[in-house]
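Listing of run07.cif, mmCIF, C-alpha atoms
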```cif
data_entry
#
loop_
_atom_site.label_atom_id
_atom_site.label_comp_id
_atom_site.auth_asym_id
_atom_site.auth_seq_id
_atom_site.Cartn_x
_atom_site.Cartn_y
_atom_site.Cartn_z
CA MET A 1 11.54 2.23 3.83
CA LEU A 2 9.05 0.54 1.59
CA LEU A 3 9.78 0.03 -2.10
CA SER A 4 7.04 -1.31 -4.36
CA THR A 5 8.38 -0.46 -7.79
CA GLY A 6 10.68 -2.45 -10.02
CA LEU A 7 14.14 -2.09 -11.45
CA GLU A 8 13.04 0.19 -14.26
CA HIS A 9 11.50 2.81 -11.97
CA PRO A 10 13.48 5.84 -10.75
CA ASN A 11 12.32 5.05 -7.21
CA LEU A 12 15.12 2.51 -7.10
CA GLU A 13 17.77 5.22 -7.34
CA THR A 14 15.98 7.17 -4.61
CA ALA A 15 15.73 4.13 -2.38
CA VAL A 16 19.39 3.25 -2.78
CA GLY A 17 20.51 6.84 -2.28
CA LEU A 18 18.40 7.40 0.82
CA SER A 19 19.40 4.06 2.24
CA GLU A 20 23.10 4.69 1.78
CA ALA A 21 22.75 8.13 3.34
CA ALA A 22 20.84 6.75 6.30
CA LEU A 23 23.38 4.03 6.92
CA ALA A 24 26.21 6.52 6.62
CA ARG A 25 24.60 8.53 9.38
CA GLY A 26 24.38 5.48 11.59
CA ALA A 27 20.63 5.00 11.32
CA ASP A 28 18.96 1.64 11.66
CA LEU A 29 17.49 0.90 8.26
CA TYR A 30 14.73 -1.56 7.49
CA LEU A 31 14.04 -1.97 3.78
CA TYR A 32 10.86 -3.77 2.79
CA LEU A 33 10.50 -4.83 -0.84
CA ILE A 34 6.95 -5.47 -1.96
CA ASP A 35 4.98 -5.89 -5.20
CA ASP A 36 7.30 -5.14 -8.16
CA GLY A 37 9.85 -4.01 -5.60
CA VAL A 38 10.78 -7.63 -4.93
CA ARG A 39 12.69 -7.52 -8.20
CA ALA A 40 15.03 -4.95 -6.67
CA LEU A 41 16.78 -7.89 -5.07
CA ASP A 42 18.45 -8.31 -8.44
CA ASP A 43 20.19 -4.98 -7.99
CA PRO A 44 23.60 -5.51 -6.40
CA ARG A 45 23.38 -2.14 -4.66
CA VAL A 46 20.33 -3.34 -2.77
CA ARG A 47 22.12 -6.53 -1.82
CA ALA A 48 25.07 -4.49 -0.64
CA LEU A 49 22.85 -2.55 1.78
CA ALA A 50 22.42 -5.70 3.82
CA GLY A 51 26.18 -6.01 4.07
CA ARG A 52 26.29 -2.53 5.53
CA GLY A 53 23.82 -3.30 8.27
CA ALA A 54 20.41 -2.77 6.66
CA ARG A 55 17.70 -5.28 7.42
CA LEU A 56 16.25 -6.51 4.17
CA PHE A 57 12.68 -7.83 4.10
CA VAL A 58 11.01 -9.19 1.00
CA CYS A 59 7.32 -9.88 0.47
CA ALA A 60 6.96 -13.64 0.09
CA TYR A 61 3.57 -13.25 -1.60
CA GLY A 62 5.05 -10.87 -4.17
CA CYS A 63 7.79 -13.39 -4.96
CA GLN A 64 5.28 -16.19 -5.25
CA LYS A 65 3.09 -14.21 -7.65
CA ARG A 66 6.09 -13.49 -9.84
CA ARG A 67 7.47 -17.02 -9.58
CA ILE A 68 10.64 -15.75 -7.99
CA PRO A 69 12.21 -18.54 -5.97
CA LEU A 70 12.93 -17.83 -2.32
CA GLU A 71 16.60 -17.98 -1.49
CA ASP A 72 18.16 -19.53 1.51
CA ALA A 73 20.11 -16.40 2.36
CA ASP A 74 21.05 -15.00 5.74
CA THR A 75 20.78 -11.44 4.51
CA VAL A 76 17.18 -11.61 3.27
CA THR A 77 14.04 -12.25 5.28
CA TYR A 78 10.94 -13.32 3.38
CA CYS A 79 7.84 -12.27 5.22
CA GLY A 80 4.30 -10.94 5.07
CA LEU A 81 2.36 -7.85 5.94
CA VAL A 82 2.62 -8.46 9.68
CA VAL A 83 6.26 -7.46 9.48
CA LEU A 84 5.41 -4.41 7.40
CA THR A 85 2.87 -3.42 10.04
CA ASP A 86 5.52 -3.79 12.72
CA LEU A 87 7.81 -1.52 10.75
CA ILE A 88 5.07 1.05 10.25
CA ASN A 89 4.33 1.03 13.95
CA GLY A 90 7.82 0.70 15.30
CA THR A 91 9.98 3.05 13.29
CA ASP A 92 10.67 6.71 13.87
CA ARG A 93 10.35 7.53 10.19
CA PHE A 94 8.63 5.63 7.43
CA ILE A 95 9.10 6.33 3.75
CA ALA A 96 7.07 4.58 1.08
CA LEU A 97 8.30 4.73 -2.49
CA ASN A 98 5.46 3.52 -4.70
CA MET B 1 -23.20 6.56 1.03
CA SER B 2 -22.33 9.26 3.45
CA GLY B 3 -21.69 12.73 2.22
CA GLY B 4 -20.07 13.89 5.39
CA ALA B 5 -16.46 14.63 6.06
CA GLY B 6 -16.36 12.87 9.37
CA GLY B 7 -13.51 11.30 11.29
CA SER B 8 -10.15 10.67 9.81
CA GLY B 9 -10.09 6.94 10.10
CA GLY B 10 -12.07 4.14 11.62
CA ALA B 11 -13.90 4.10 14.89
CA GLY B 12 -10.87 4.52 17.07
CA ALA B 13 -8.95 7.07 15.08
CA GLY B 14 -8.34 10.44 16.61
CA PRO B 15 -5.65 12.87 17.54
CA ASP B 16 -3.94 10.32 19.79
CA ASN B 17 -4.23 7.51 17.29
CA PRO B 18 -3.92 8.98 13.81
CA PRO B 19 -4.58 6.60 10.96
CA VAL B 20 -2.40 5.14 8.29
CA VAL B 21 -3.62 6.76 5.10
CA VAL B 22 -3.72 4.53 2.03
CA LEU B 23 -4.33 6.81 -0.92
CA ILE B 24 -5.01 4.95 -4.15
CA SER B 25 -5.19 6.59 -7.54
CA ALA B 26 -4.02 3.67 -9.68
CA ASP B 27 -6.60 2.44 -12.16
CA PRO B 28 -7.66 -1.14 -11.36
CA ARG B 29 -8.85 -1.56 -14.97
CA THR B 30 -5.28 -1.29 -16.23
CA SER B 31 -2.95 -1.86 -13.28
CA HIS B 32 -2.59 -4.47 -10.58
CA ARG B 33 -1.32 -1.80 -8.21
CA ALA B 34 -4.76 -0.66 -7.08
CA ASN B 35 -5.47 -4.14 -5.79
CA GLU B 36 -2.02 -4.43 -4.27
CA ALA B 37 -2.54 -1.16 -2.42
CA MET B 38 -5.82 -2.42 -1.02
CA ARG B 39 -4.18 -5.70 -0.01
CA ILE B 40 -1.43 -3.85 1.81
CA GLY B 41 -3.92 -1.55 3.53
CA LEU B 42 -5.96 -4.53 4.59
CA GLY B 43 -2.90 -6.20 6.05
CA ILE B 44 -2.11 -3.09 8.05
CA THR B 45 -5.71 -2.94 9.26
CA ALA B 46 -5.38 -6.49 10.53
CA GLY B 47 -2.51 -5.28 12.68
CA ASP B 48 -4.88 -3.19 14.79
CA ASN B 49 -4.05 0.00 12.98
CA GLU B 50 -6.65 2.49 11.91
CA VAL B 51 -6.43 2.64 8.15
CA CYS B 52 -8.06 5.33 6.07
CA PHE B 53 -8.62 4.19 2.48
CA VAL B 54 -8.93 7.07 0.05
CA LEU B 55 -9.77 6.39 -3.59
CA THR B 56 -9.13 9.16 -6.07
CA GLY B 57 -9.67 9.33 -9.81
CA PRO B 58 -9.91 5.96 -11.56
CA ALA B 59 -9.20 4.06 -8.34
CA ALA B 60 -12.91 4.47 -7.60
CA HIS B 61 -13.38 1.53 -9.96
CA LEU B 62 -12.13 -0.71 -7.16
CA LEU B 63 -15.80 -0.70 -6.16
CA ASP B 64 -17.14 -1.67 -9.57
CA GLY B 65 -19.92 -4.20 -9.33
CA ASP B 66 -18.41 -6.39 -12.02
CA THR B 67 -14.79 -7.19 -11.26
CA ASP B 68 -14.24 -9.25 -14.41
CA ASP B 69 -12.78 -6.27 -16.22
CA LEU B 70 -10.43 -5.38 -13.38
CA VAL B 71 -6.85 -6.56 -13.09
CA ASP B 72 -6.78 -9.21 -10.35
CA GLY B 73 -10.56 -8.83 -10.17
CA ASP B 74 -11.05 -11.96 -8.07
CA ASP B 75 -8.60 -10.68 -5.49
CA ILE B 76 -10.27 -7.27 -5.48
CA ALA B 77 -13.63 -8.86 -4.74
CA LYS B 78 -12.08 -10.90 -1.93
CA PHE B 79 -10.11 -8.11 -0.31
CA ARG B 80 -12.84 -5.49 -0.45
CA ALA B 81 -15.28 -7.95 1.09
CA THR B 82 -12.90 -8.30 4.01
CA VAL B 83 -12.59 -4.53 4.25
CA LYS B 84 -16.36 -4.40 4.47
CA GLU B 85 -16.46 -7.08 7.16
CA LEU B 86 -14.02 -5.05 9.20
CA GLY B 87 -16.30 -2.04 8.90
CA VAL B 88 -13.67 0.12 7.27
CA PRO B 89 -15.17 2.72 4.92
CA PHE B 90 -13.80 3.80 1.58
CA ARG B 91 -13.41 7.52 1.20
CA VAL B 92 -13.95 8.25 -2.45
CA GLU B 93 -13.26 11.47 -4.28
CA LYS B 94 -16.70 12.90 -5.01
CA THR B 95 -16.06 13.74 -8.63
CA ALA B 96 -14.59 10.31 -9.32
CA ILE B 97 -17.65 8.30 -8.40
CA PRO B 98 -18.90 6.64 -11.59
CA ASP B 99 -22.47 7.09 -12.80
CA ASP B 100 -22.79 3.35 -13.37
CA PRO B 101 -25.68 2.10 -11.20
CA ASP B 102 -23.73 -1.12 -10.69
CA TRP B 103 -20.95 0.75 -8.94
CA ASN B 104 -20.66 -0.32 -5.29
CA ALA B 105 -23.40 -2.87 -5.82
CA GLU B 106 -22.17 -4.68 -2.72
CA GLY B 107 -22.99 -1.69 -0.56
CA HIS B 108 -19.59 -0.93 0.91
CA GLU B 109 -19.59 2.01 3.23
CA VAL B 110 -18.56 4.93 1.08
CA ILE B 111 -17.84 8.44 2.22
CA ALA B 112 -17.73 10.91 -0.62
CA VAL B 113 -15.01 13.46 -0.05
CA THR B 114 -13.78 16.56 -1.77
CA ARG B 115 -10.18 17.11 -2.77
CA GLU B 116 -9.91 19.60 0.07
CA ARG B 117 -11.08 16.96 2.52
CA ILE B 118 -8.57 14.49 1.11
CA ALA B 119 -5.84 17.02 1.81
CA GLU B 120 -7.08 17.26 5.39
CA LEU B 121 -7.10 13.49 5.77
CA VAL B 122 -3.53 13.28 4.59
CA ARG B 123 -2.50 15.97 7.06
CA GLN B 124 -4.12 13.99 9.86
CA GLY B 125 -2.40 10.72 8.96
CA ARG B 126 0.43 9.06 10.87
CA ARG B 127 1.85 7.16 7.92
CA PHE B 128 1.12 7.35 4.21
CA LEU B 129 1.01 4.85 1.42
CA VAL B 130 0.28 6.44 -1.93
CA PHE B 131 -0.32 4.28 -4.97
#
```
Encoding of this model in C-alpha coordinates:
Amino acid sequence: MLLSTGLEHPNLETAVGLSEAALARGADLYLYLIDDGVRALDDPRVRALAGRGARLFVCAYGCQKRRIPLEDADTVTYCGLVVLTDLINGTDRFIALN
Amino acid sequence: MSGGAGGSGGAGAGPDNPPVVVLISADPRTSHRANEAMRIGLGITAGDNEVCFVLTGPAAHLLDGDTDDLVDGDDIAKFRATVKELGVPFRVEKTAIPDDPDWNAEGHEVIAVTRERIAELVRQGRRFLVF
(Lines of atoms letter the chains of each structure in order from A and count residues from 1; the text may use other names and numbers.)
(Lines give C-alpha, C1' and ligand atoms only; values in the text may rest on other atoms or scores of the structure.)
Protein backbone atom coordinates (compact mmCIF):
# COMPACT_ATOMS: atom_id res chain seq x y z
CA MET A 1 0.00 0.00 0.00
CA LEU A 2 1.20 3.44 -0.93
CA LEU A 3 0.15 6.47 1.08
CA SER A 4 1.08 9.93 -0.18
CA THR A 5 -1.25 12.14 1.84
CA GLY A 6 -0.74 13.65 5.25
CA LEU A 7 -2.30 13.37 8.67
CA GLU A 8 -5.19 15.67 7.83
CA HIS A 9 -6.40 13.62 4.86
CA PRO A 10 -9.09 10.93 5.23
CA ASN A 11 -6.83 8.54 3.32
CA LEU A 12 -5.05 7.95 6.61
CA GLU A 13 -8.13 6.35 8.13
CA THR A 14 -8.52 4.20 5.03
CA ALA A 15 -4.88 3.17 5.09
CA VAL A 16 -4.98 2.23 8.76
CA GLY A 17 -8.27 0.38 8.40
CA LEU A 18 -7.20 -1.60 5.34
CA SER A 19 -3.84 -2.36 6.88
CA GLU A 20 -5.34 -3.66 10.10
CA ALA A 21 -7.80 -5.79 8.15
CA ALA A 22 -5.06 -7.20 5.96
CA LEU A 23 -2.88 -8.08 8.92
CA ALA A 24 -5.83 -9.65 10.70
CA ARG A 25 -6.29 -11.91 7.71
CA GLY A 26 -2.66 -12.94 7.82
CA ALA A 27 -1.57 -11.02 4.74
CA ASP A 28 1.94 -9.73 4.26
CA LEU A 29 1.65 -5.98 4.30
CA TYR A 30 4.14 -3.50 2.91
CA LEU A 31 3.27 0.12 3.62
CA TYR A 32 5.19 2.77 1.73
CA LEU A 33 4.87 6.36 2.92
CA ILE A 34 5.75 8.99 0.35
CA ASP A 35 5.33 12.73 -0.22
CA ASP A 36 3.08 14.15 2.55
CA GLY A 37 2.48 10.56 3.60
CA VAL A 38 5.82 10.56 5.42
CA ARG A 39 4.12 12.58 8.13
CA ALA A 40 1.89 9.60 8.86
CA LEU A 41 4.79 8.26 10.86
CA ASP A 42 3.58 10.61 13.57
CA ASP A 43 0.38 8.61 13.87
CA PRO A 44 0.76 5.95 16.56
CA ARG A 45 -1.60 3.64 14.69
CA VAL A 46 0.81 3.58 11.77
CA ARG A 47 3.69 2.85 14.11
CA ALA A 48 1.68 0.06 15.67
CA LEU A 49 1.27 -1.64 12.28
CA ALA A 50 4.97 -2.40 12.28
CA GLY A 51 4.58 -4.09 15.64
CA ARG A 52 1.94 -6.34 14.12
CA GLY A 53 4.16 -7.49 11.30
CA ALA A 54 3.78 -4.82 8.62
CA ARG A 55 6.89 -3.69 6.80
CA LEU A 56 7.08 0.07 6.96
CA PHE A 57 8.98 1.96 4.26
CA VAL A 58 9.40 5.71 4.23
CA CYS A 59 10.58 7.88 1.35
CA ALA A 60 13.91 9.36 2.40
CA TYR A 61 13.61 12.13 -0.19
CA GLY A 62 10.21 13.12 1.16
CA CYS A 63 11.64 13.35 4.67
CA GLN A 64 14.58 15.38 3.47
CA LYS A 65 12.33 17.85 1.65
CA ARG A 66 10.26 18.32 4.77
CA ARG A 67 13.27 18.46 7.08
CA ILE A 68 12.07 15.43 8.96
CA PRO A 69 15.03 13.76 10.63
CA LEU A 70 15.60 10.09 9.86
CA GLU A 71 15.30 7.89 12.89
CA ASP A 72 17.50 5.03 13.83
CA ALA A 73 14.59 2.66 14.25
CA ASP A 74 14.39 -1.04 13.53
CA THR A 75 10.76 -0.81 12.51
CA VAL A 76 11.18 1.81 9.77
CA THR A 77 13.14 1.54 6.54
CA TYR A 78 14.04 4.76 4.77
CA CYS A 79 14.40 4.17 1.08
CA GLY A 80 13.86 5.41 -2.45
CA LEU A 81 11.78 4.64 -5.48
CA VAL A 82 13.66 1.44 -6.25
CA VAL A 83 11.95 -0.16 -3.29
CA LEU A 84 8.59 1.19 -4.39
CA THR A 85 9.19 -0.31 -7.81
CA ASP A 86 9.98 -3.65 -6.21
CA LEU A 87 6.72 -3.48 -4.29
CA ILE A 88 4.77 -2.60 -7.41
CA ASN A 89 6.31 -5.50 -9.25
CA GLY A 90 6.41 -8.04 -6.48
CA THR A 91 3.09 -7.80 -4.70
CA ASP A 92 -0.15 -9.57 -5.48
CA ARG A 93 -2.19 -6.45 -4.86
CA PHE A 94 -1.15 -2.83 -4.86
CA ILE A 95 -3.25 -0.01 -3.49
CA ALA A 96 -2.25 3.63 -3.85
CA LEU A 97 -3.96 6.19 -1.66
CA ASN A 98 -3.11 9.61 -3.07
CA MET B 1 2.08 15.70 -31.34
CA SER B 2 0.37 12.51 -32.24
CA GLY B 3 -3.36 12.40 -32.43
CA GLY B 4 -3.56 8.67 -32.39
CA ALA B 5 -4.72 6.39 -29.65
CA GLY B 6 -1.91 3.93 -30.05
CA GLY B 7 -0.36 1.49 -27.62
CA SER B 8 -1.02 1.56 -23.95
CA GLY B 9 2.45 2.27 -22.76
CA GLY B 10 5.97 2.50 -24.08
CA ALA B 11 7.59 0.43 -26.74
CA GLY B 12 7.40 -2.83 -24.89
CA ALA B 13 3.96 -2.58 -23.39
CA GLY B 14 1.36 -5.05 -24.46
CA PRO B 15 -1.05 -7.62 -23.18
CA ASP B 16 1.75 -9.61 -21.54
CA ASN B 17 3.42 -6.57 -20.07
CA PRO B 18 0.74 -4.07 -19.15
CA PRO B 19 1.96 -0.68 -18.03
CA VAL B 20 1.86 1.13 -14.75
CA VAL B 21 -0.55 3.98 -15.36
CA VAL B 22 0.35 7.29 -13.71
CA LEU B 23 -2.69 9.51 -14.05
CA ILE B 24 -2.08 13.09 -13.01
CA SER B 25 -4.79 15.69 -12.62
CA ALA B 26 -3.17 17.83 -9.92
CA ASP B 27 -2.45 21.40 -11.01
CA PRO B 28 1.30 22.08 -11.02
CA ARG B 29 0.58 25.83 -10.77
CA THR B 30 -0.86 25.37 -7.29
CA SER B 31 0.28 21.99 -5.99
CA HIS B 32 3.57 20.18 -5.67
CA ARG B 33 1.78 16.89 -6.19
CA ALA B 34 1.87 17.03 -9.99
CA ASN B 35 5.64 17.12 -9.88
CA GLU B 36 5.77 14.44 -7.21
CA ALA B 37 3.60 12.18 -9.35
CA MET B 38 5.93 12.66 -12.30
CA ARG B 39 8.94 11.96 -10.08
CA ILE B 40 7.39 8.75 -8.84
CA GLY B 41 6.45 7.67 -12.36
CA LEU B 42 9.95 8.39 -13.53
CA GLY B 43 11.39 6.29 -10.72
CA ILE B 44 9.16 3.40 -11.70
CA THR B 45 10.21 3.80 -15.33
CA ALA B 46 13.82 3.49 -14.28
CA GLY B 47 12.95 0.11 -12.82
CA ASP B 48 12.32 -1.29 -16.30
CA ASN B 49 8.59 -0.91 -16.03
CA GLU B 50 6.46 0.44 -18.81
CA VAL B 51 4.89 3.59 -17.46
CA CYS B 52 2.00 5.36 -19.13
CA PHE B 53 1.81 9.01 -18.10
CA VAL B 54 -1.64 10.50 -18.54
CA LEU B 55 -2.21 14.20 -17.89
CA THR B 56 -5.76 15.35 -17.44
CA GLY B 57 -7.20 18.80 -16.76
CA PRO B 58 -4.75 21.31 -15.30
CA ALA B 59 -1.97 18.72 -15.08
CA ALA B 60 -1.32 19.50 -18.75
CA HIS B 61 0.56 22.52 -17.43
CA LEU B 62 3.38 20.16 -16.48
CA LEU B 63 4.48 20.81 -20.06
CA ASP B 64 4.37 24.60 -19.83
CA GLY B 65 7.32 26.21 -21.54
CA ASP B 66 7.99 28.50 -18.60
CA THR B 67 8.26 26.56 -15.37
CA ASP B 68 8.85 29.61 -13.18
CA ASP B 69 5.17 29.80 -12.30
CA LEU B 70 4.95 26.11 -11.42
CA VAL B 71 5.40 24.68 -7.95
CA ASP B 72 8.81 22.98 -7.89
CA GLY B 73 9.29 24.28 -11.43
CA ASP B 74 13.01 23.49 -11.51
CA ASP B 75 12.32 19.89 -10.59
CA ILE B 76 9.57 19.67 -13.20
CA ALA B 77 11.97 20.84 -15.89
CA LYS B 78 14.54 18.29 -14.74
CA PHE B 79 12.22 15.32 -14.44
CA ARG B 80 10.35 15.89 -17.68
CA ALA B 81 13.64 16.21 -19.53
CA THR B 82 14.56 12.77 -18.24
CA VAL B 83 11.18 11.43 -19.29
CA LYS B 84 11.90 12.77 -22.76
CA GLU B 85 15.36 11.18 -22.82
CA LEU B 86 13.78 7.85 -21.98
CA GLY B 87 11.40 8.26 -24.91
CA VAL B 88 8.31 8.02 -22.77
CA PRO B 89 5.38 10.00 -24.20
CA PHE B 90 2.88 12.05 -22.27
CA ARG B 91 -0.71 11.24 -23.03
CA VAL B 92 -2.62 14.45 -22.58
CA GLU B 93 -6.36 14.90 -22.44
CA LYS B 94 -7.22 16.58 -25.73
CA THR B 95 -9.46 19.25 -24.27
CA ALA B 96 -6.91 20.15 -21.61
CA ILE B 97 -4.13 21.15 -23.96
CA PRO B 98 -3.56 24.88 -23.49
CA ASP B 99 -3.69 27.30 -26.42
CA ASP B 100 -0.45 28.92 -25.27
CA PRO B 101 2.07 28.56 -28.13
CA ASP B 102 4.79 28.16 -25.50
CA TRP B 103 3.18 24.99 -24.22
CA ASN B 104 5.45 21.97 -24.78
CA ALA B 105 8.12 24.24 -26.19
CA GLU B 106 10.66 21.51 -25.50
CA GLY B 107 8.92 19.18 -27.92
CA HIS B 108 8.09 16.29 -25.63
CA GLU B 109 6.30 13.49 -27.35
CA VAL B 110 2.64 14.17 -26.70
CA ILE B 111 -0.25 11.94 -27.59
CA ALA B 112 -3.57 13.72 -27.40
CA VAL B 113 -6.22 11.41 -26.02
CA THR B 114 -9.92 11.58 -25.40
CA ARG B 115 -11.53 10.81 -22.06
CA GLU B 116 -12.77 7.57 -23.56
CA ARG B 117 -9.24 6.62 -24.51
CA ILE B 118 -8.03 7.46 -21.01
CA ALA B 119 -10.62 5.06 -19.66
CA GLU B 120 -9.25 2.38 -21.99
CA LEU B 121 -5.69 3.06 -20.88
CA VAL B 122 -6.67 2.66 -17.27
CA ARG B 123 -8.39 -0.63 -18.04
CA GLN B 124 -5.23 -1.87 -19.72
CA GLY B 125 -2.95 -0.93 -16.82
CA ARG B 126 -1.31 -3.33 -14.38
CA ARG B 127 -0.98 -0.84 -11.54
CA PHE B 128 -2.38 2.64 -11.05
CA LEU B 129 -1.13 5.78 -9.43
CA VAL B 130 -3.67 8.57 -9.52
CA PHE B 131 -2.73 12.04 -8.37
Picked residues, the PyMOL selection byres ((chain B) within 12 of (chain A)), expected as a count of residues only: 37
So the first atom is CA of Cys79 in chain A and the second is CA of Leu12 in chain A; what is the distance between them in Å, to one decimal place?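 That distance, rounded to one decimal, is 20.6 Å.
Every protein, DNA or RNA residue with an atom at most 6 Å from range 84-96 of chain B, where only C-alpha atoms count and chain neighbours fewer than 6 positions away do not, is listed here: Phe53, Val54, Leu55, Thr56, Gly57, His108, Glu109, Val110, Ile111, Ala112, Val113 and Thr114 of chain B.
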Ground truth for the PyMOL selection byres ((chain B and resi 103) around 10), written as a list in words: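 Going through the file, the PyMOL selection byres ((chain B and resi 103) around 10) ends up selecting Ala60, His61, Leu62, Leu63, Asp64, Gly65, Asp66, Ile97, Pro98, Asp99, Asp100, Pro101, Asp102, Asn104, Ala105, Glu106 and Gly107 of chain B.
The result of the PyMOL selection byres ((chain A and resi 8) around 12) on the shown file is Ser4, Thr5, Gly6, Leu7, His9, Pro10, Asn11, Leu12, Glu13, Asp36, Gly37, Arg39, Ala40, Asp42 and Asp43 of chain A.
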Length of the CA of Ala15 in chain A to CA of Leu31 in chain A vector [Å]: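 Value for the CA of Ala15 in chain A-CA of Leu31 in chain A distance: 8.8 Å.
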Point-to-point distance from CA of Val76 in chain A to CA of Ala50 in chain A, Å rounded to tenths: 7.9 Å
Within 10 Å of Glu20 in chain A, counting only C-alpha atoms, which residues qualify if same-chain residues fewer than 3 places away don't, as a list in words?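 Here the answer would be Thr14, Ala15, Val16, Gly17, Leu23, Ala24, Arg25, Gly26, Ala27, Leu29, Arg45, Val46, Ala48, Leu49, Arg52 and Ala54 of chain A.
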